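Please read the structure below before turning to the comments.
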Amino acid sequence: MAGAICASRRGMHVTNPPLPNKARRDRLGLDAYMLAPGSPSRRRRDIPTDALSARSTVLAPRSPEWRVSQGLTDYEAALAAMEARAAAIAQHASHELIWLLEHPSLYTAGTSAKPAELMEARFPVFHAGRGGQFTYHGPGQRIAYVMLDLRWRGPDVRRFVAGLEEWIIRTIARFDVTGERRSGRVGVWVRRPDKGEGCEDKIAAIGVRIRRWVTLHGAAINVSCQLSHFRGIVPCGISEPRYGVTSLADLGRNVSMDQLDAALRQEFDAVFGNRGEGE
């Protein structure tokens, strides 16, 4: 395919569709949005950020910035904007950011994904650079891209992942859904005795990447997405019949994105707290 992008990781080859002109414009627009002049993200020109120490306080510690994108956000444009923002955070030129959005239907492959787990490429497939296997993103699913500075919060990856799980568990509890974590199965799970003994469904997937102790990617919470789209992959590499996927809507909870976003924001500090001066 002319203009296609071929990606290879650990023997897996996936061909992505060519990036249309609109997506290129979207990427440029998102870069400007994430690092806009006059916003807290703006790099101070008078400071050589490459010379800053890990404990520099050029940007005073504060709660993360929150942004919500309306509509569907192009995946590659979002990835580029997220990486640019994370790099700025690592250089002490931007504050931390929680970015809430939705993507058009697509599959992403983590660093541990296996070719056999892509059973039917119904949608474009992208290498995400995060940990984990294949997952689906699409309308009705809330993506939370979490860009936090673990140099301040504690350089502990496992603790950070457990924190993401706890954050989601607390959030969905506000809608009378009991989420749980499972050893060896990262994410948030819901027991489904109505489907049989020992059955559980995943309601939220987690995949992260850490670069210079700044976090990228984050979590995907199924709100009202089309669950049949997960059948094109082995979600997160888990193929046992007793484990499936679910959503708030599938569980009979009529929750809007605005309601979920409000709950996420309310529960964030209870888990992660505010960034403070060094530990």
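All residue names refer to the structure tokens as shown: chains lettered A, B, ... in order, residues numbered from 1 in each chain, ligands numbered from 1 in order.
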Checklist line | Backbone-only DSSP, strand (DSSP E or B) members of range 37-266 of chain A, as a VMD selection string | finding: chain A and resid 65 to 72 97 to 102 106 to 109 118 125 to 127 134 to 137 141 to 147 149 180 to 182 185 to 191 200 to 211 214 to 222 233 243 to 245
For range 122-220 of chain A versus range 92-111 of chain A, which residues have an atom no more than 8 Å away, and what is each residue's nearest atom pair and distance in Å rounded to one decimal, using only C-alpha atoms, chain-then-number order, as JSON lines?
{"residue": "A:Phe123", "atom": "CA", "partner": "A:Leu106", "partner_atom": "CA", "distance": 4.9}
{"residue": "A:Pro124", "atom": "CA", "partner": "A:Leu106", "partner_atom": "CA", "distance": 5.1}
{"residue": "A:Val125", "atom": "CA", "partner": "A:Tyr107", "partner_atom": "CA", "distance": 4.7}
{"residue": "A:Phe126", "atom": "CA", "partner": "A:Thr108", "partner_atom": "CA", "distance": 4.8}
{"residue": "A:His127", "atom": "CA", "partner": "A:Ala109", "partner_atom": "CA", "distance": 4.8}
{"residue": "A:Ala128", "atom": "CA", "partner": "A:Gly110", "partner_atom": "CA", "distance": 5.7}
{"residue": "A:Gly129", "atom": "CA", "partner": "A:Gly110", "partner_atom": "CA", "distance": 5.9}
{"residue": "A:Arg130", "atom": "CA", "partner": "A:Gly110", "partner_atom": "CA", "distance": 5.2}
{"residue": "A:Gly131", "atom": "CA", "partner": "A:Gly110", "partner_atom": "CA", "distance": 5.0}
{"residue": "A:Gly132", "atom": "CA", "partner": "A:Gly110", "partner_atom": "CA", "distance": 4.6}
{"residue": "A:Gln133", "atom": "CA", "partner": "A:Gly110", "partner_atom": "CA", "distance": 4.5}
{"residue": "A:Phe134", "atom": "CA", "partner": "A:Ala109", "partner_atom": "CA", "distance": 4.5}
{"residue": "A:Thr135", "atom": "CA", "partner": "A:Thr108", "partner_atom": "CA", "distance": 5.6}
{"residue": "A:Tyr136", "atom": "CA", "partner": "A:Tyr107", "partner_atom": "CA", "distance": 4.6}
{"residue": "A:His137", "atom": "CA", "partner": "A:Leu106", "partner_atom": "CA", "distance": 5.5}
{"residue": "A:Gly138", "atom": "CA", "partner": "A:Ser105", "partner_atom": "CA", "distance": 4.0}
{"residue": "A:Pro139", "atom": "CA", "partner": "A:Pro104", "partner_atom": "CA", "distance": 5.9}
{"residue": "A:Gly140", "atom": "CA", "partner": "A:Glu102", "partner_atom": "CA", "distance": 7.2}
{"residue": "A:Gln141", "atom": "CA", "partner": "A:Glu102", "partner_atom": "CA", "distance": 6.2}
{"residue": "A:Arg142", "atom": "CA", "partner": "A:Glu102", "partner_atom": "CA", "distance": 5.6}
{"residue": "A:Ile143", "atom": "CA", "partner": "A:Leu101", "partner_atom": "CA", "distance": 5.3}
{"residue": "A:Ala144", "atom": "CA", "partner": "A:Leu100", "partner_atom": "CA", "distance": 4.7}
{"residue": "A:Tyr145", "atom": "CA", "partner": "A:Trp99", "partner_atom": "CA", "distance": 5.0}
{"residue": "A:Val146", "atom": "CA", "partner": "A:Ile98", "partner_atom": "CA", "distance": 4.8}
{"residue": "A:Met147", "atom": "CA", "partner": "A:Leu97", "partner_atom": "CA", "distance": 5.1}
{"residue": "A:Leu148", "atom": "CA", "partner": "A:Glu96", "partner_atom": "CA", "distance": 5.2}
{"residue": "A:Asp149", "atom": "CA", "partner": "A:Glu96", "partner_atom": "CA", "distance": 6.7}
{"residue": "A:Gly207", "atom": "CA", "partner": "A:Gly110", "partner_atom": "CA", "distance": 7.7}
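One distance worth recording is that between CA of Trp213 in chain A and CA of Gly163 in chain A, which is 15.6 Å.
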Note to self: Among range 94-236 of chain A, which ones does DSSP assign to helix (DSSP H, G or I) (computed from the backbone)? Answer as an NGL selection string.
What the structure shows: :A and (115-117 or 150-153 or 157-173 or 193-195 or 227-232 or 235-236)
Saved selection, atoms kept: N, CA and C atoms, as a compact mmCIF listing (two decimals), in the first residue's frame:
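Full text of again_38.txt as output:
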# COMPACT_ATOMS: atom_id res chain seq x y z
N PRO A 115 1.62 -12.02 17.11
CA PRO A 115 0.86 -11.95 15.85
C PRO A 115 -0.42 -12.77 15.88
N ALA A 116 -0.37 -13.95 16.52
CA ALA A 116 -1.54 -14.84 16.53
C ALA A 116 -2.71 -14.24 17.29
N GLU A 117 -2.45 -13.23 18.12
CA GLU A 117 -3.52 -12.63 18.92
C GLU A 117 -4.31 -11.58 18.14
N LEU A 150 7.32 10.78 37.96
CA LEU A 150 7.58 9.87 39.07
C LEU A 150 8.85 10.23 39.83
N ARG A 151 9.62 11.15 39.33
CA ARG A 151 10.78 11.61 40.10
C ARG A 151 10.31 12.31 41.38
N TRP A 152 9.12 12.91 41.31
CA TRP A 152 8.53 13.58 42.47
C TRP A 152 7.61 12.64 43.23
N ARG A 153 6.89 11.83 42.50
CA ARG A 153 5.86 11.00 43.13
C ARG A 153 6.40 9.67 43.65
N VAL A 157 7.39 1.78 39.45
CA VAL A 157 6.46 1.49 38.36
C VAL A 157 5.29 0.65 38.85
N ARG A 158 5.56 -0.37 39.64
CA ARG A 158 4.49 -1.23 40.13
C ARG A 158 3.49 -0.45 40.97
N ARG A 159 4.01 0.43 41.79
CA ARG A 159 3.11 1.25 42.61
C ARG A 159 2.26 2.15 41.73
N PHE A 160 2.85 2.68 40.66
CA PHE A 160 2.09 3.54 39.76
C PHE A 160 0.97 2.75 39.08
N VAL A 161 1.27 1.56 38.58
CA VAL A 161 0.24 0.74 37.91
C VAL A 161 -0.86 0.37 38.90
N ALA A 162 -0.47 -0.02 40.12
CA ALA A 162 -1.47 -0.32 41.15
C ALA A 162 -2.32 0.91 41.46
N GLY A 163 -1.70 2.09 41.39
CA GLY A 163 -2.44 3.32 41.61
C GLY A 163 -3.47 3.57 40.53
N LEU A 164 -3.11 3.29 39.28
CA LEU A 164 -4.09 3.43 38.19
C LEU A 164 -5.27 2.50 38.41
N GLU A 165 -4.99 1.26 38.81
CA GLU A 165 -6.07 0.31 39.07
C GLU A 165 -6.96 0.82 40.20
N GLU A 166 -6.36 1.28 41.28
CA GLU A 166 -7.13 1.76 42.42
C GLU A 166 -7.97 2.98 42.03
N TRP A 167 -7.41 3.85 41.23
CA TRP A 167 -8.12 5.04 40.76
C TRP A 167 -9.40 4.64 40.02
N ILE A 168 -9.29 3.66 39.13
CA ILE A 168 -10.45 3.21 38.37
C ILE A 168 -11.45 2.49 39.27
N ILE A 169 -10.95 1.66 40.17
CA ILE A 169 -11.83 0.94 41.09
C ILE A 169 -12.67 1.93 41.92
N ARG A 170 -12.04 2.96 42.42
CA ARG A 170 -12.76 3.97 43.19
C ARG A 170 -13.76 4.74 42.32
N THR A 171 -13.35 4.99 41.08
CA THR A 171 -14.22 5.76 40.18
C THR A 171 -15.50 5.00 39.86
N ILE A 172 -15.37 3.74 39.44
CA ILE A 172 -16.57 2.99 39.04
C ILE A 172 -17.42 2.61 40.24
N ALA A 173 -16.82 2.61 41.43
CA ALA A 173 -17.61 2.34 42.64
C ALA A 173 -18.67 3.42 42.84
N PRO A 193 -20.99 -13.65 37.99
CA PRO A 193 -21.61 -14.93 38.35
C PRO A 193 -22.79 -15.28 37.44
N ASP A 194 -23.37 -14.26 36.79
CA ASP A 194 -24.48 -14.51 35.86
C ASP A 194 -24.02 -15.28 34.62
N LYS A 195 -22.71 -15.26 34.36
CA LYS A 195 -22.16 -15.98 33.21
C LYS A 195 -21.62 -17.36 33.57
N LEU A 227 -18.76 -3.83 22.34
CA LEU A 227 -17.92 -4.90 22.84
C LEU A 227 -17.59 -5.96 21.79
N SER A 228 -18.39 -6.07 20.76
CA SER A 228 -18.12 -7.08 19.72
C SER A 228 -16.82 -6.80 18.99
N HIS A 229 -16.35 -5.55 19.03
CA HIS A 229 -15.10 -5.21 18.34
C HIS A 229 -13.88 -5.86 18.99
N PHE A 230 -14.02 -6.27 20.24
CA PHE A 230 -12.91 -6.97 20.90
C PHE A 230 -12.69 -8.36 20.32
N ARG A 231 -13.64 -8.87 19.57
CA ARG A 231 -13.52 -10.24 19.05
C ARG A 231 -12.48 -10.36 17.95
N GLY A 232 -12.01 -9.23 17.43
CA GLY A 232 -10.98 -9.28 16.41
C GLY A 232 -9.59 -9.54 16.97
N PRO A 235 -7.97 -10.01 23.68
CA PRO A 235 -7.76 -8.80 24.49
C PRO A 235 -6.73 -9.02 25.59
N CYS A 236 -5.67 -8.23 25.53
CA CYS A 236 -4.62 -8.26 26.56
C CYS A 236 -4.00 -9.65 26.71
Note to self: Here is a test: counting only C-alpha atoms, which residue of A:Ile206, A:Val190, A:Val214, A:Leu264 is nearest to Gly244 in chain A?
What the structure shows: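 Smallest separation from Gly244 in chain A among the options: A:Val190.
One distance worth recording is that between CA of Ile203 in chain A and CA of Leu248 in chain A, which is 7.6 Å.
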Next item on the list: Find the residues near Ser256 in chain A: any atom within 9 Å, counting only C-alpha atoms, skip ones fewer than 3 places away on the same chain, and give them as a list in words.
Entry: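 The residues that qualify are Val223, Ser224, Gln259, Leu260 and Asp261 of chain A.
With distances restricted to only C-alpha atoms, A:Gly198 is the closest residue to Tyr243 in chain A from A:Gly273, A:Gly218, A:Pro64, A:Gly198.
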